[in-house]
Structure formats: structure tokens, C-alpha cells
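Below is the file final.cif, which contains mmCIF, C-alpha atoms.
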data_query
#
loop_
_atom_site.label_atom_id
_atom_site.label_comp_id
_atom_site.auth_asym_id
_atom_site.auth_seq_id
_atom_site.Cartn_x
_atom_site.Cartn_y
_atom_site.Cartn_z
CA MET A 1400 281.90 219.95 50.36
CA ARG A 1401 278.72 221.68 49.41
CA ALA A 1402 278.58 223.28 52.74
CA TRP A 1403 276.50 226.27 53.25
CA ILE A 1404 279.16 228.28 54.95
CA GLY A 1405 277.35 231.48 55.34
CA SER A 1406 273.99 232.93 54.85
CA CYS A 1407 273.91 236.08 56.78
CA VAL A 1408 272.05 239.25 56.83
CA ALA A 1409 274.55 242.04 57.35
CA ALA A 1410 272.97 244.88 59.16
CA LEU A 1411 275.27 247.65 58.17
CA THR A 1412 272.78 250.31 58.80
CA ALA A 1413 274.47 251.71 61.82
CA ALA A 1414 277.87 251.95 60.21
CA LEU A 1415 276.50 253.45 57.07
CA ALA A 1416 274.53 255.94 59.04
CA LEU A 1417 277.66 257.16 60.72
CA SER A 1418 279.69 257.54 57.53
CA ALA A 1419 277.16 258.49 54.93
CA PRO A 1420 275.47 261.82 54.25
CA ALA A 1421 272.10 262.24 55.84
CA SER A 1422 270.35 261.74 52.49
CA ALA A 1423 271.94 258.31 51.79
CA SER A 1424 269.59 255.33 51.79
CA THR A 1425 270.24 252.28 53.88
CA GLY A 1426 269.58 248.58 53.32
CA THR A 1427 270.70 245.03 53.87
CA VAL A 1428 272.89 242.69 51.92
CA LYS A 1429 272.78 238.94 51.86
CA LEU A 1430 276.10 237.17 51.57
CA SER A 1431 276.12 233.55 50.56
CA TRP A 1432 278.73 231.27 49.08
CA TYR A 1433 279.80 227.72 48.56
CA THR A 1434 283.27 226.50 49.09
CA THR A 1435 285.21 223.35 48.31
CA ALA A 1436 286.17 220.85 50.95
CA ILE A 1437 289.66 220.04 51.98
CA ILE A 1438 290.37 216.37 51.41
CA LYS A 1439 293.57 214.42 51.53
CA LEU A 1440 294.38 210.90 50.32
CA THR A 1441 297.44 209.01 51.47
CA LEU A 1442 298.16 205.74 49.67
CA THR A 1443 300.59 203.32 51.28
CA PRO A 1444 301.38 200.13 49.36
CA ASN A 1445 302.69 197.12 51.32
CA TYR A 1446 301.47 198.72 54.49
CA ALA A 1447 302.22 195.96 57.01
CA ASN A 1448 304.79 193.32 57.73
CA GLY A 1449 303.74 190.08 56.11
CA PHE A 1450 302.87 191.73 52.80
CA GLY A 1451 303.31 189.69 49.66
CA THR A 1452 302.01 186.94 47.44
CA VAL A 1453 300.22 183.80 48.56
CA LYS A 1454 299.07 181.13 46.12
CA ALA A 1455 295.33 180.52 46.30
CA THR A 1456 294.67 177.46 48.37
CA PHE A 1457 292.22 176.18 50.96
CA GLY A 1458 293.31 175.26 54.42
CA THR A 1459 296.76 176.08 55.74
CA GLN A 1460 298.16 179.12 53.99
CA PRO A 1461 301.73 179.30 52.73
CA PRO A 1462 303.85 182.26 53.88
CA PRO A 1463 303.61 185.44 51.78
CA VAL A 1464 306.44 186.03 49.33
CA PRO A 1465 306.66 189.56 47.90
CA GLY A 1466 308.17 190.25 44.51
CA PRO A 1467 311.44 192.14 44.12
CA GLY A 1468 309.74 195.40 43.20
CA SER A 1469 307.95 195.71 46.53
CA CYS A 1470 309.08 197.18 49.84
CA LEU A 1471 307.47 197.86 53.19
CA ASP A 1472 305.36 201.04 53.22
CA GLY A 1473 306.00 201.85 49.57
CA CYS A 1474 307.19 200.73 46.15
CA ALA A 1475 304.98 198.59 43.91
CA VAL A 1476 302.55 195.79 44.58
CA ASP A 1477 304.74 193.15 42.98
CA PHE A 1478 303.30 189.65 42.80
CA GLY A 1479 306.70 188.41 41.70
CA ALA A 1480 307.00 185.07 39.92
CA VAL A 1481 303.56 183.62 39.21
CA GLU A 1482 302.24 180.98 36.85
CA ALA A 1483 299.65 181.18 34.12
CA GLY A 1484 296.26 179.77 35.06
CA ILE A 1485 296.81 180.11 38.82
CA GLY A 1486 295.17 182.44 41.36
CA TYR A 1487 297.06 184.44 43.98
CA LEU A 1488 296.41 186.74 46.91
CA TYR A 1489 298.62 189.73 47.71
CA LYS A 1490 298.34 190.56 51.39
CA TYR A 1491 298.45 194.12 52.76
CA ALA A 1492 298.53 195.59 49.25
CA ALA A 1493 297.15 199.09 49.84
CA HIS A 1494 296.24 201.30 52.76
CA LEU A 1495 294.22 204.37 51.89
CA ASN A 1496 293.92 207.06 54.52
CA VAL A 1497 291.34 209.68 53.73
CA SER A 1498 291.02 212.80 55.84
CA SER A 1499 288.58 215.56 55.14
CA ASN A 1500 286.72 218.40 56.75
CA ASP A 1501 283.54 217.35 55.00
CA ALA A 1502 281.01 215.96 57.42
CA SER A 1503 279.04 214.50 54.51
CA GLY A 1504 281.77 211.98 53.81
CA PHE A 1505 283.46 211.02 50.58
CA ASN A 1506 283.47 208.61 47.67
CA LEU A 1507 286.56 206.57 46.89
CA TYR A 1508 287.14 205.46 43.32
CA GLY A 1509 289.76 202.99 42.19
CA GLU A 1510 290.37 202.12 38.56
CA GLY A 1511 293.09 200.87 36.32
CA ALA A 1512 294.77 203.32 33.99
CA ALA A 1513 294.88 200.48 31.43
CA ASN A 1514 294.89 196.71 31.17
CA PHE A 1515 297.97 194.81 32.28
CA SER A 1516 300.66 195.14 29.65
CA ASP A 1517 304.22 194.09 29.11
CA GLY A 1518 304.82 197.29 27.16
CA GLY A 1519 304.53 195.33 23.94
CA SER A 1520 301.92 193.05 22.44
CA ASN A 1521 301.03 191.00 25.52
CA SER A 1522 298.20 192.05 27.80
CA MET A 1523 295.80 190.77 30.44
CA THR A 1524 292.26 192.11 30.73
CA LEU A 1525 292.20 193.97 34.01
CA ASN A 1526 288.68 193.17 35.20
CA GLN A 1527 289.23 189.47 34.52
CA SER A 1528 292.53 189.30 36.37
CA LEU A 1529 292.92 191.87 39.18
CA PHE A 1530 290.54 192.13 42.14
CA TRP A 1531 290.59 193.96 45.46
CA VAL A 1532 289.62 192.29 48.70
CA PRO A 1533 288.69 194.12 51.92
CA SER A 1534 291.48 193.69 54.44
CA VAL A 1535 292.59 194.92 57.86
CA ALA A 1536 295.49 196.81 59.41
CA SER A 1537 296.97 193.59 60.80
CA GLY A 1538 295.95 189.98 61.32
CA ASP A 1539 294.80 189.49 57.74
CA THR A 1540 293.01 186.14 57.30
CA ASN A 1541 292.12 186.45 53.63
CA THR A 1542 292.99 183.71 51.16
CA GLY A 1543 293.21 183.62 47.40
CA TYR A 1544 289.56 182.54 47.43
CA SER A 1545 288.23 185.41 49.53
CA ALA A 1546 285.46 187.45 47.98
CA GLY A 1547 286.93 190.11 45.72
CA TYR A 1548 285.84 192.92 43.45
CA ALA A 1549 287.26 193.48 40.00
CA PHE A 1550 289.18 196.59 39.02
CA ASP A 1551 287.90 198.12 35.81
CA VAL A 1552 289.86 200.13 33.31
CA THR A 1553 288.87 203.76 33.51
CA SER A 1554 286.84 205.53 30.87
CA GLY A 1555 288.39 208.82 31.96
CA THR A 1556 291.32 210.55 30.33
CA VAL A 1557 294.64 209.10 31.43
CA ASN A 1558 297.83 211.10 31.52
CA PRO A 1559 300.43 210.04 30.50
CA ALA A 1560 299.18 207.64 27.85
CA GLN A 1561 299.58 203.97 28.77
CA PRO A 1562 301.48 201.72 28.90
CA GLU A 1563 303.98 203.78 30.85
CA PRO A 1564 306.04 201.90 33.41
CA ASN A 1565 307.65 204.73 35.32
CA ILE A 1566 305.32 207.70 35.67
CA PRO A 1567 302.29 207.37 37.97
CA PRO A 1568 299.30 208.37 35.86
CA THR A 1569 296.39 210.63 36.66
CA ILE A 1570 292.81 210.32 35.46
CA THR A 1571 290.62 213.25 34.50
CA TYR A 1572 286.97 212.40 34.92
CA GLY A 1573 284.05 213.80 33.00
CA SER A 1574 281.82 211.66 35.16
CA TYR A 1575 282.75 209.43 37.99
CA PRO A 1576 282.38 205.63 37.95
CA SER A 1577 280.78 203.57 40.70
CA ALA A 1578 282.57 204.13 43.96
CA LEU A 1579 284.65 201.42 45.59
CA ILE A 1580 283.76 202.90 48.94
CA SER A 1581 281.06 205.40 49.77
CA SER A 1582 281.81 206.71 53.25
CA SER A 1583 279.52 208.76 55.41
CA SER A 1584 282.43 209.72 57.64
CA ALA A 1585 284.74 212.63 56.99
CA SER A 1586 287.81 210.46 57.41
CA ALA A 1587 288.56 206.76 57.15
CA ASP A 1588 291.24 204.12 56.81
CA ILE A 1589 290.66 201.58 54.06
CA TYR A 1590 292.75 198.44 53.74
CA GLN A 1591 292.89 196.25 50.66
CA ASP A 1592 294.46 193.00 49.55
CA TYR A 1593 294.68 192.23 45.87
CA GLU A 1594 293.87 189.01 44.03
CA LEU A 1595 295.40 188.05 40.73
CA LYS A 1596 293.75 185.41 38.57
CA VAL A 1597 296.36 184.85 35.91
CA PRO A 1598 294.81 183.92 32.54
CA MET A 1599 296.01 180.58 31.23
CA LEU A 1600 297.48 182.14 28.10
CA ALA A 1601 299.15 185.10 29.83
CA ALA A 1602 302.41 183.32 29.18
CA THR A 1603 303.03 180.41 26.86
CA SER A 1604 305.95 178.42 25.57
CA SER A 1605 306.17 180.85 22.67
CA THR A 1606 306.17 183.98 24.81
CA GLY A 1607 308.28 182.65 27.66
CA THR A 1608 308.11 184.60 30.90
CA VAL A 1609 306.25 187.90 30.55
CA ASN A 1610 306.57 190.88 32.87
CA TYR A 1611 303.20 192.57 33.22
CA TYR A 1612 302.35 195.82 34.92
CA CYS A 1613 299.48 198.23 35.31
CA TRP A 1614 298.61 201.26 37.45
CA ILE A 1615 295.70 201.46 39.84
CA VAL A 1616 294.60 205.05 40.39
CA TYR A 1617 292.63 205.97 43.49
CA THR A 1618 290.54 209.12 43.61
CA VAL A 1619 288.65 210.60 46.54
CA VAL A 1620 285.91 213.13 46.10
CA PRO A 1621 283.90 214.82 48.84
CA LYS A 1622 280.21 214.20 48.78
CA MET B 240 285.21 138.31 71.16
CA SER B 241 283.82 138.68 67.64
CA GLY B 242 281.40 141.31 68.92
CA LEU B 243 284.25 143.35 70.32
CA LEU B 244 286.14 143.05 67.03
CA ARG B 245 283.06 144.17 65.15
CA LYS B 246 282.74 147.24 67.39
CA CYS B 247 286.39 148.12 66.87
CA LEU B 248 286.07 147.86 63.10
CA CYS B 249 282.96 149.99 63.16
CA GLY B 250 284.81 152.60 65.19
CA VAL B 251 287.72 152.65 62.74
CA PHE B 252 285.40 153.06 59.76
CA ALA B 253 283.46 155.80 61.52
CA ALA B 254 286.65 157.69 62.32
CA ALA B 255 287.83 157.33 58.73
CA ALA B 256 284.52 158.65 57.48
CA ILE B 257 284.75 161.70 59.77
CA VAL B 258 288.30 162.44 58.61
CA ALA B 259 287.22 162.17 54.98
CA VAL B 260 284.41 164.67 55.51
CA LEU B 261 286.50 167.15 57.50
CA SER B 262 289.34 167.12 55.01
CA GLY B 263 287.29 169.47 52.84
CA PRO B 264 286.79 169.94 49.15
CA THR B 265 290.29 169.18 48.00
CA ARG B 266 289.70 165.43 48.22
CA ALA B 267 287.44 163.74 45.77
CA GLY B 268 288.19 160.25 46.93
CA VAL B 269 290.91 157.98 48.17
CA ALA B 270 292.08 156.91 44.72
CA GLN B 271 292.06 160.35 43.12
CA SER B 272 294.32 163.36 43.41
CA GLN B 273 293.64 167.01 42.77
CA ARG B 274 295.10 168.05 39.42
CA ALA B 275 293.87 171.57 38.84
CA GLN B 276 291.65 174.19 40.42
CA ILE B 277 290.18 177.42 39.10
CA ALA B 278 287.93 180.10 40.57
CA ILE B 279 285.38 182.28 38.81
CA ALA B 280 284.52 185.49 40.65
CA LEU B 281 280.78 186.06 41.06
CA LEU B 282 279.63 189.60 41.77
CA ILE B 283 275.94 190.08 42.55
CA ASN B 284 274.81 193.69 42.74
CA VAL B 285 271.68 193.80 44.86
CA THR B 286 269.20 196.62 45.08
CA GLY B 287 267.33 196.15 48.29
CA VAL B 288 266.54 197.79 51.54
CA GLY B 289 268.88 200.38 53.00
CA ARG B 290 271.07 202.88 51.27
CA ALA B 291 270.73 204.01 47.70
CA PRO B 292 271.98 201.59 45.06
CA VAL B 293 274.46 203.97 43.53
CA PRO B 294 276.67 206.60 45.10
CA ALA B 295 275.40 210.12 45.23
CA PRO B 296 276.56 212.16 42.27
CA ALA B 297 279.84 213.86 42.85
CA VAL B 298 280.08 217.59 43.33
CA PRO B 299 281.11 219.74 40.40
CA VAL B 300 284.80 219.76 39.69
CA VAL B 301 284.96 223.54 39.49
CA ALA B 302 284.75 225.45 42.72
CA ASN B 303 281.44 227.17 43.11
CA VAL B 304 282.04 230.49 44.71
CA ALA B 305 279.24 232.98 44.62
CA LEU B 306 279.64 236.43 45.95
CA ARG B 307 276.28 237.99 45.66
CA ALA B 308 276.96 241.17 47.48
CA LYS B 309 278.99 243.85 45.93
CA GLY B 310 278.47 246.90 48.05
CA SER B 311 281.21 249.35 47.47
CA ALA B 312 283.88 246.69 47.03
CA PRO B 313 285.01 245.53 43.61
CA SER B 314 283.65 242.26 42.30
CA VAL B 315 285.94 239.29 42.78
CA ASP B 316 285.73 235.67 41.73
CA SER B 317 287.82 234.11 44.43
CA VAL B 318 288.28 234.37 48.11
CA ALA B 319 291.49 236.22 48.74
CA GLY B 320 293.80 234.81 51.35
CA ASN B 321 292.04 231.47 51.57
CA SER B 322 294.37 229.34 49.52
CA THR B 323 293.54 226.07 51.29
CA LEU B 324 290.10 225.86 49.71
CA VAL B 325 291.30 224.24 46.52
CA ALA B 326 291.33 220.48 46.89
CA GLN B 327 288.08 219.02 45.67
CA GLN B 328 289.50 215.68 44.63
CA THR B 329 292.82 214.06 45.10
CA GLN B 330 294.47 211.07 43.44
CA SER B 331 297.23 208.63 44.05
CA ALA B 332 298.41 205.63 42.03
CA VAL B 333 300.14 202.35 42.74
CA LYS B 334 301.94 200.14 40.27
CA VAL B 335 300.99 196.45 40.15
CA GLU B 336 303.46 194.00 38.65
CA ALA B 337 303.68 190.28 37.98
CA GLU B 338 306.26 188.09 36.30
CA VAL B 339 304.15 185.43 34.60
CA SER B 340 305.74 182.18 33.49
CA PRO B 341 304.13 179.50 31.31
CA ASN B 342 302.31 176.68 33.05
CA PRO B 343 301.73 173.51 31.00
CA ALA B 344 299.01 172.45 33.44
CA ALA B 345 297.10 175.73 32.96
CA THR B 346 295.14 174.24 30.10
CA LEU B 347 293.95 171.19 32.04
CA LEU B 348 291.05 173.12 33.50
CA TYR B 349 289.98 176.57 32.46
CA SER B 350 287.06 178.93 31.98
CA ASN B 351 286.21 181.42 29.28
CA ASN B 352 285.22 183.98 31.90
CA ALA B 353 287.04 184.76 35.14
CA ALA B 354 284.43 187.16 36.51
CA VAL B 355 280.64 187.25 36.23
CA VAL B 356 278.44 190.20 37.19
CA MET B 357 274.72 189.86 37.91
CA ASN B 358 272.27 192.57 38.98
CA GLY B 359 268.95 192.12 40.76
CA ASN B 360 266.47 193.25 43.34
CA ALA B 361 266.08 191.71 46.76
CA GLY B 362 263.23 189.21 46.79
CA THR B 363 263.65 188.22 43.17
CA THR B 364 265.41 185.47 41.26
CA ILE B 365 267.87 186.49 38.62
CA SER B 366 269.54 184.22 36.12
CA GLN B 367 272.21 184.27 33.49
CA SER B 368 272.35 181.68 30.76
CA CYS B 369 275.76 180.15 30.13
CA ALA B 370 277.34 182.71 32.42
CA TYR B 371 280.64 180.95 31.86
CA GLN B 372 282.04 177.77 30.40
CA VAL B 373 284.29 175.31 32.13
CA THR B 374 286.56 173.14 30.03
CA VAL B 375 288.51 170.06 31.02
CA HIS B 376 291.26 169.48 28.49
CA SER B 377 292.71 166.11 29.28
CA ASN B 378 293.35 162.77 27.67
CA ILE B 379 292.56 160.94 30.90
CA ILE B 380 289.89 158.31 30.46
CA SER B 381 288.18 159.01 33.78
CA TRP B 382 288.33 162.28 35.61
CA THR B 383 285.99 163.94 38.07
CA LEU B 384 285.03 167.61 38.24
CA ARG B 385 283.71 169.02 41.48
CA ASP B 386 282.36 172.47 42.26
CA GLY B 387 281.39 174.68 45.16
CA LEU B 388 281.47 178.23 46.45
CA SER B 389 284.45 179.53 48.39
CA GLY B 390 282.05 181.27 50.77
CA ASN B 391 278.66 182.90 51.06
CA PRO B 392 278.14 185.94 48.81
CA THR B 393 279.46 188.74 50.98
CA SER B 394 279.22 192.53 50.90
CA SER B 395 281.06 195.03 53.07
CA SER B 396 278.56 194.53 55.86
CA THR B 397 276.62 191.29 55.44
CA SER B 398 276.08 188.16 53.37
CA PHE B 399 273.36 185.83 52.15
CA PRO B 400 273.45 182.04 51.95
CA GLY B 401 275.55 180.51 49.22
CA PRO B 402 272.96 177.82 48.39
CA ASP B 403 270.75 180.66 47.16
CA VAL B 404 273.07 180.58 44.16
CA ALA B 405 272.23 177.66 41.87
CA HIS B 406 274.02 176.26 38.86
CA ASN B 407 273.00 174.17 35.89
CA ASP B 408 275.90 172.53 34.08
CA TYR B 409 275.37 171.06 30.65
CA GLN B 410 276.95 170.51 27.28
CA ALA B 411 273.99 170.90 24.92
CA THR B 412 270.72 171.18 26.78
CA PRO B 413 270.16 172.55 30.29
CA LYS B 414 269.01 170.07 32.89
CA PRO B 415 265.41 170.34 34.08
CA THR B 416 266.46 171.82 37.40
CA SER B 417 269.41 173.68 38.83
CA SER B 418 271.40 172.61 41.88
CA PRO B 419 272.30 174.87 44.78
CA PHE B 420 276.00 175.46 45.26
CA ILE B 421 277.64 173.80 48.24
CA VAL B 422 279.72 176.22 50.28
CA TYR B 423 283.20 175.59 51.66
CA PRO B 424 284.10 174.02 54.03
CA SER B 425 281.43 171.45 53.25
CA ALA B 426 282.53 168.72 50.86
CA TRP B 427 281.78 169.88 47.36
CA ALA B 428 279.61 168.19 44.79
CA ASN B 429 280.49 166.19 41.72
CA VAL B 430 279.66 168.03 38.55
CA VAL B 431 280.51 165.14 36.30
CA THR B 432 282.76 162.16 35.81
CA ALA B 433 283.88 161.93 32.23
CA SER B 434 286.87 161.48 29.95
CA ASN B 435 289.05 163.43 27.56
CA VAL B 436 288.11 166.99 26.48
CA GLN B 437 284.75 168.30 27.63
CA THR B 438 283.22 171.76 27.89
CA TYR B 439 280.24 172.67 30.05
CA CYS B 440 278.04 175.73 30.00
CA VAL B 441 277.02 176.91 33.44
CA ASP B 442 273.70 178.70 33.89
CA LEU B 443 273.52 180.67 37.11
CA SER B 444 270.43 181.65 39.05
CA VAL B 445 270.37 183.61 42.28
CA THR B 446 267.39 183.81 44.58
CA ILE B 447 268.10 186.98 46.50
CA PRO B 448 266.49 186.95 49.94
CA LEU B 449 263.95 189.70 50.43
CA SER B 450 265.79 191.10 53.44
CA THR B 451 269.08 191.54 51.60
CA PRO B 452 270.40 195.10 51.91
CA THR B 453 271.61 196.97 48.89
CA GLY B 454 275.20 196.16 48.13
CA ALA B 455 277.74 194.32 46.02
CA TYR B 456 277.99 190.67 47.06
CA SER B 457 280.98 188.67 45.99
CA THR B 458 282.13 185.05 46.12
CA ASN B 459 284.02 182.54 43.99
CA ALA B 460 282.74 179.49 42.16
CA VAL B 461 285.58 177.01 42.48
CA TYR B 462 286.09 174.03 40.15
CA THR B 463 288.50 171.27 40.97
CA LEU B 464 289.67 168.49 38.71
CA TYR B 465 290.65 165.05 40.02
CA TRP B 466 291.80 161.76 38.65
#
Once you've parsed the file, please lay out its structure as C-alpha cells.
Amino acid sequence: MRAWIGSCVAALTAALALSAPASASTGTVKLSWYTTAIIKLTLTPNYANGFGTVKATFGTQPPPVPGPGSCLDGCAVDFGAVEAGIGYLYKYAAHLNVSSNDASGFNLYGEGAANFSDGGSNSMTLNQSLFWVPSVASGDTNTGYSAGYAFDVTSGTVNPAQPEPNIPPTITYGSYPSALISSSSASADIYQDYELKVPMLAATSSTGTVNYYCWIVYTVVPK
Amino acid sequence: MSGLLRKCLCGVFAAAAIVAVLSGPTRAGVAQSQRAQIAIALLINVTGVGRAPVPAPAVPVVANVALRAKGSAPSVDSVAGNSTLVAQQTQSAVKVEAEVSPNPAATLLYSNNAAVVMNGNAGTTISQSCAYQVTVHSNIISWTLRDGLSGNPTSSSTSFPGPDVAHNDYQATPKPTSSPFIVYPSAWANVVTASNVQTYCVDLSVTIPLSTPTGAYSTNAVYTLYW
């Protein structure tokens, strides 16, 4: 928050006059300062019943099936068993609650710490495979063909270095990327589904089944 | 009697025609079945009326505390006793996983590009030559490829008509004119009927309506293979 908290003219003349010798001069002081905003981000994966993976199809939607690494209100966004060359939707993937005392609002950034990796030589380009889709708290009607927005890999400094399967990374920014959401409200709830477009060569007969993972890092910054 | 029979037959054919239309883009014809389907994400960043095209620059990362008055007190560089004024950004991360298995049918129909980004101003037409390629890799002697948009290009607050996005599919030389995309749930259009392995370049052009607000508009170009 670049809030102009105080710009006051302190008239201390009277007090000074009482405490100071008669020869002391008097005057005014101007106090001004900036202060940072208080902002809080709460990320809840798998935020509603019915979370999980749905194969992209038109018409009647199959029931969501979450992967084994997911759990209600936490854990990972686990697409589970998927096939190369197929598209999928993951319902109720992420709920982001932002609360702030900044009346100017906030920017929300979301980027990958790295491309999908299996920890070895196999990878999937993140902005060609993982997309976020605006969703709702409940009653999600998205499909695997709903309009989505690609996640990019960050150009910031990631700690710890990737791929790292167990430690949630942080990103240090020299400059911020384009915001996923630019809110003019101090607080907001943002709901996202994810889409996965699995590249046709993400797994082949020579690789067999490949377990991919990546980290999506969300950052909120007051305006 | 024959007139009544004729009316009945006409009614049956009319009903069949209606069912065929309403069944959507997954049917190419009675004798063909859907074999593969892919989607290419189209993102169109529009600069138009309304809010600024890019987010306002973020505030400095370092707290900016200026105490300009000293008086008789010692100079300080922080506000004592106000420890809550520290959080200028906050982060959280989620792990995304997938267990990918091979799919022999994945190479039947594929693209060299799963996501295309275009940028333009409202009221202009923007284009991208060979924005992506679509390949059918089959030994079938007669297959049909159909295309369409999954929906109108949509931002967080509004959309513009999908037929404002046009495509020109070709192997060597672009066609004289582009064709507007058909939008689901209307029955999609035939791109081509051909055989064996074929690759097509797709030129995209978007005529952005003048009234389009600034925003990121997204949709999917969907290709479906039948034989």
C-alpha cells in the first residue's frame, strides 16, 4: 500500500513554549511517511467436493476422478492416470483467498517454478500443457474445452532449485510478470480449475508411464 | 393412402435431420466414427476501451519509511512497535502431478503447437501465418478432418463472436480467402477429406470488434478426425 498515512503539521509551539527557555525559537515540523500494506494469501487446493480429473469431452461430462496425491482442502492437484495426447480438466483445483487492508487492490501472479519434470530427463513444456480456467466455489460447469490461460515458467529466482518434488518453492522477483488477476478490491476469492493438454510424446513405449510434477507459485502484491 | 405415406416418410426424414444437427460436432456422418480429437488454445490479448492493458507496476519490494522530522528524538529507520507492517507480498505454492501413460492413438492427430498467443487492438484485424500445424498420421484411405471453436473468445468479463476468428488451412499455398470458425454447439465444418499422412498449416486472422474491452480472450480450436 502506498498509502499516505500522515501528512500533518505538528503545532508544538505551545508545548515548547512551556518547557523551553524564553529565548528558544519555535517552529513547525512536517511528519510524513509511507508504510507497507498488510496482505494475506490463503491457497486451498481441491477446495470443494467433486474435485478431480475429467477427460475433455463435449456433451455429458464423466464424473471427476482425482489422483491418489490429492485430498479435499489440501494436498496436490493430482491428475492421476492420464494418457499422452489427451486433454483433461481438473475441477476445483485452487481457491485463492486474498485479504488486505489496501483499498487500492492487489495483483495476483501465478507462475510455474519450472516445466513439468519427472525428476530425470523427461519434461513437458509448461505453457503448452498446463492452463488455468476461471471457476466458482460450487456448481462448476467447466469442461476440458473451456477457455483457459497458460501458466508460464517464471523468470524470477526460484528457491530451491528445480526439479524438487517435496519442498514448495518460492520465487524472488526483480520485476513482476503480467498479473493473472488485477483486483481493484482489497480482498477477493479466486477460484480456478486447471486444464492439462498432455503432449503426444510425454510418454512413449520406450519411456513407459512417466510421473510428472511441477509447482505453481502464487504471489499477491498490493497495488 | 400414398399421400399419407409420403407425409410420414417426410416426417421421419425431417426428424432424423434434426437429430443429426443437434447431436453436435462429434458426428461427421452416419458411416464415420470419431477417432481422435485435439484442442489448440487460442489466447488473444486485446488492447481496447476500458482499463489499462497491463497491470500497474508493483510497489517497491523494500518498505519505504521516511521520517522527515527529527526534533529532539534520535533518527530511526523503522517504526518501533508496529511489527505488522511487514508483509508487502506473500506467496504460496501448489504441486501439480500427472501419471502419463503412452497412448498409441496419440499420433493419429496432433499439432506442433498447443497454445497460440496473438496481440491486437480493438477495431483491427490481426493475423498469424502458420500459427500452428495439424497433422493426420494415418494409413486410412479416406478420413475427414473437421474443425471449430469450443466457444466464443472469452475474457473475465465479456466475449466477442467466434466467427470473428478465421482460419486458412493449406499444405503449400494459402487459399485465396479464410473461413470463419464455426462455434460449438453448431455442427463443425469439414477441413478436408483425404488419405494417409497429411500436414496442414493454419493461418489465423482475428477481426477484433471495435467495442471490445481490453482483456485476454481465450478459446480452443478443436480438430476432430473421423473415418
task: Compile the contact shell of region 418-432 of chain B as a PyMOL selection string: residues with an atom at most 6 Å away, counting all atoms listed in the file, same-chain residues fewer than 3 positions apart removed.
output: chain B and resi 263-264+382-390+402+404-406
field: Residue members of the PyMOL selection byres ((chain B and resi 352) around 9) in the file shown, as a ChimeraX atom specification
entry: /A:1527 /B:279-280,349-351,353-355,370-373
query: Rounded to one decimal in Å, what is the spacing between CA of Asp403 (chain B) and CA of Cys369 (chain B)?
result: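 According to the coordinates, CA of Asp403 (chain B) and CA of Cys369 (chain B) are separated by 17.8 Å.
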- prompt: Which residues, protein or nucleic acid, reach to within 10 Å of (285.0, 218.3, 56.6) in the file's coordinates when using only C-alpha atoms, and can you give that as a PyMOL selection string?
  reply: chain A and resi 1400+1402+1435-1438+1498-1505+1584-1586+1621
- prompt: Looking at only C-alpha atoms, which of B:Asn284, B:Gln367, B:Asn360, B:Asn391 is the one that sits closest to Asn459 (chain B)?
  reply: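 Counting only C-alpha atoms, the residue closest to Asn459 (chain B) is B:Asn391.
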- prompt: How far is it from CA of Ile1566 (chain A) to CA of Ser1528 (chain A), in Å with one decimal?
  reply: 22.4 Å
message: Neighbouring residues of Ser366 (chain B) were defined as those with any atom within 8 Å, considering only C-alpha atoms; residues of the same chain fewer than 3 positions away were excluded. Please report them as a PyMOL selection string.
response: chain B and resi 357+442-445
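Closest approach to Val1552 (chain A) among A:Leu1471, A:Val1464, A:Leu1600, A:Cys1613: A:Cys1613, based on only C-alpha atoms.
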- request: Would you kindly translate the PyMOL selection byres ((chain A and resi 1604) around 9) into the concrete residues it picks from this file, as a list of chain:residue names?
  value: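 Taken over the shown coordinates, the PyMOL selection byres ((chain A and resi 1604) around 9) returns A:Ala1602, A:Thr1603, A:Ser1605, A:Thr1606, A:Gly1607, A:Thr1608, B:Ser340, B:Pro341, B:Asn342, B:Pro343.
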Write a file of the just-selected residues containing C-alpha atoms, as a compact mmCIF listing (two decimals), in the frame of the given file.
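Dumped everything to part.txt:
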# COMPACT_ATOMS: atom_id res chain seq x y z
CA ALA A 1602 302.41 183.32 29.18
CA THR A 1603 303.03 180.41 26.86
CA SER A 1605 306.17 180.85 22.67
CA THR A 1606 306.17 183.98 24.81
CA GLY A 1607 308.28 182.65 27.66
CA THR A 1608 308.11 184.60 30.90
CA SER B 340 305.74 182.18 33.49
CA PRO B 341 304.13 179.50 31.31
CA ASN B 342 302.31 176.68 33.05
CA PRO B 343 301.73 173.51 31.00
- request: Translate the PyMOL selection byres ((chain A and resi 1617) around 6), as applied to the file shown, into an explicit residue set as a PyMOL selection string.
  value: (chain A and resi 1508-1509+1616+1618) or (chain B and resi 330-332)
field: Ala345 (chain B) environment, 12 Å, all atoms listed in the file, sequence neighbours closer than 5 positions dropped, as a list in words
entry: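 In the requested form, the answer reads Val1481, Glu1482, Ala1483, Gly1484, Ile1485, Gly1486, Lys1596, Val1597, Pro1598, Met1599, Leu1600, Ala1601, Ala1602, Thr1603 and Ser1604 of chain A; Arg274, Ala275, Gln276, Ile277, Ser340, Ser350, Thr374, Val375, His376, Ser377 and Leu464 of chain B.
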- line: Closest of A:Ala1587, A:Ala1475, A:Val1453, A:Ala1536 to Val333 (chain B), counting only C-alpha atoms, is A:Ala1475
message: For a quick check of understanding, using all atoms listed in the file, which of B:Thr453, B:Asn435, B:Thr346, B:Asn407 has the smallest distance to chain A?
response: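 Smallest distance to chain A is found for B:Thr346.
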